[in-house]
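Source file: input-v7.csv; contents: CSV, C-alpha atoms.
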```csv
chain,number,residue,atom,x,y,z
A,1,MET,CA,148.3,116.4,136.2
A,2,ALA,CA,146.8,119.8,136.4
A,3,GLU,CA,144.6,121.1,133.6
A,4,PRO,CA,145.7,124.4,132.0
A,5,PHE,CA,143.4,127.4,132.4
A,6,GLY,CA,143.4,128.2,128.7
A,7,ASN,CA,144.4,131.3,126.8
A,8,SER,CA,141.1,133.0,126.2
A,9,PHE,CA,139.0,135.4,128.3
A,10,THR,CA,135.6,134.5,129.9
A,11,VAL,CA,133.2,137.1,131.1
A,12,VAL,CA,131.7,136.1,134.5
A,13,GLU,CA,128.7,137.8,136.2
A,14,VAL,CA,129.1,137.8,140.0
A,15,ALA,CA,126.3,138.4,142.5
A,16,SER,CA,126.9,139.3,146.1
A,17,ASP,CA,124.7,138.1,148.9
A,18,ASP,CA,123.1,141.6,149.1
A,19,ALA,CA,122.0,141.3,145.4
A,20,LYS,CA,124.7,143.6,143.9
A,21,THR,CA,126.3,142.3,140.7
A,22,GLU,CA,129.7,142.7,139.2
A,23,ILE,CA,131.2,141.7,135.9
A,24,TRP,CA,134.6,140.0,136.1
A,25,ILE,CA,137.0,139.0,133.3
A,26,ALA,CA,138.8,135.6,133.8
A,27,LEU,CA,141.7,134.4,131.8
A,28,ALA,CA,140.3,130.9,131.8
A,29,LYS,CA,138.1,128.4,130.0
A,30,PRO,CA,134.3,128.9,130.5
A,31,SER,CA,134.1,125.7,132.4
A,32,GLN,CA,136.8,126.9,134.9
A,33,ALA,CA,136.1,130.6,135.2
A,34,PRO,CA,133.2,130.6,137.7
A,35,THR,CA,135.2,128.4,140.1
A,36,LEU,CA,138.3,130.6,139.9
A,37,VAL,CA,136.2,133.7,140.5
A,38,LEU,CA,134.4,132.2,143.4
A,39,ALA,CA,137.7,131.4,145.0
A,40,ALA,CA,138.4,135.2,145.1
A,41,VAL,CA,135.1,136.5,146.4
A,42,PRO,CA,133.4,136.2,149.8
A,43,GLU,CA,131.5,133.0,150.7
A,44,GLY,CA,127.8,133.2,149.7
A,45,TRP,CA,128.4,134.9,146.4
A,46,THR,CA,127.5,133.3,143.1
A,47,ALA,CA,129.2,133.3,139.7
A,48,ALA,CA,128.0,132.4,136.2
A,49,VAL,CA,129.4,132.7,132.7
A,50,LEU,CA,127.9,135.6,130.9
A,51,ASP,CA,127.2,135.1,127.2
A,52,VAL,CA,128.6,138.1,125.4
A,53,SER,CA,128.6,136.7,121.9
A,54,TYR,CA,129.0,139.5,119.4
A,55,GLY,CA,129.9,139.5,115.7
A,56,GLY,CA,131.6,142.9,115.6
A,57,ILE,CA,134.7,144.5,117.1
A,58,TRP,CA,134.9,145.6,120.7
A,59,VAL,CA,136.8,148.8,121.5
A,60,MET,CA,137.4,149.8,125.1
A,61,THR,CA,138.6,153.3,125.9
A,62,VAL,CA,140.0,154.3,129.2
```

Could you spell out this file's structure in structure tokens?
Amino acid sequence: MAEPFGNSFTVVEVASDDAKTEIWIALAKPSQAPTLVLAAVPEGWTAAVLDVSYGGIWVMTV
């Protein structure tokens, strides 16, 4: 049986093979997020969960 991805966001730092980095947001558990992100980027890139623990409120404006 398939395991659910979860219902929380995980921040993932992605590095390309030419040393550029990107920040991705995955709607998945931290244990699954890097694998899901790596499935969406070119071969040779790396992905790792980024610890963004913060005790306050985050507000994003667009």

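Pairwise distance (CA of Ala47 (chain A), CA of Val14 (chain A)) equals 4.5 Å.
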
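Taking all atoms listed in the file, the non-local environment of Ile25 (chain A) within 9 Å (same-chain residues fewer than 3 positions away omitted) comprises Phe9, Thr10, Val11, Val12, Glu13, Ala28, Ala33 and Val37 of chain A.
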
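Across the model, the gap from CA of Pro34 (chain A) to CA of Ala48 (chain A) is 5.7 Å.
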
For CA of Asn7 (chain A) and CA of Val49 (chain A), quote the distance in Å rounded to one decimal.
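If I compute the distance from CA of Asn7 (chain A) to CA of Val49 (chain A), I get 16.2 Å.
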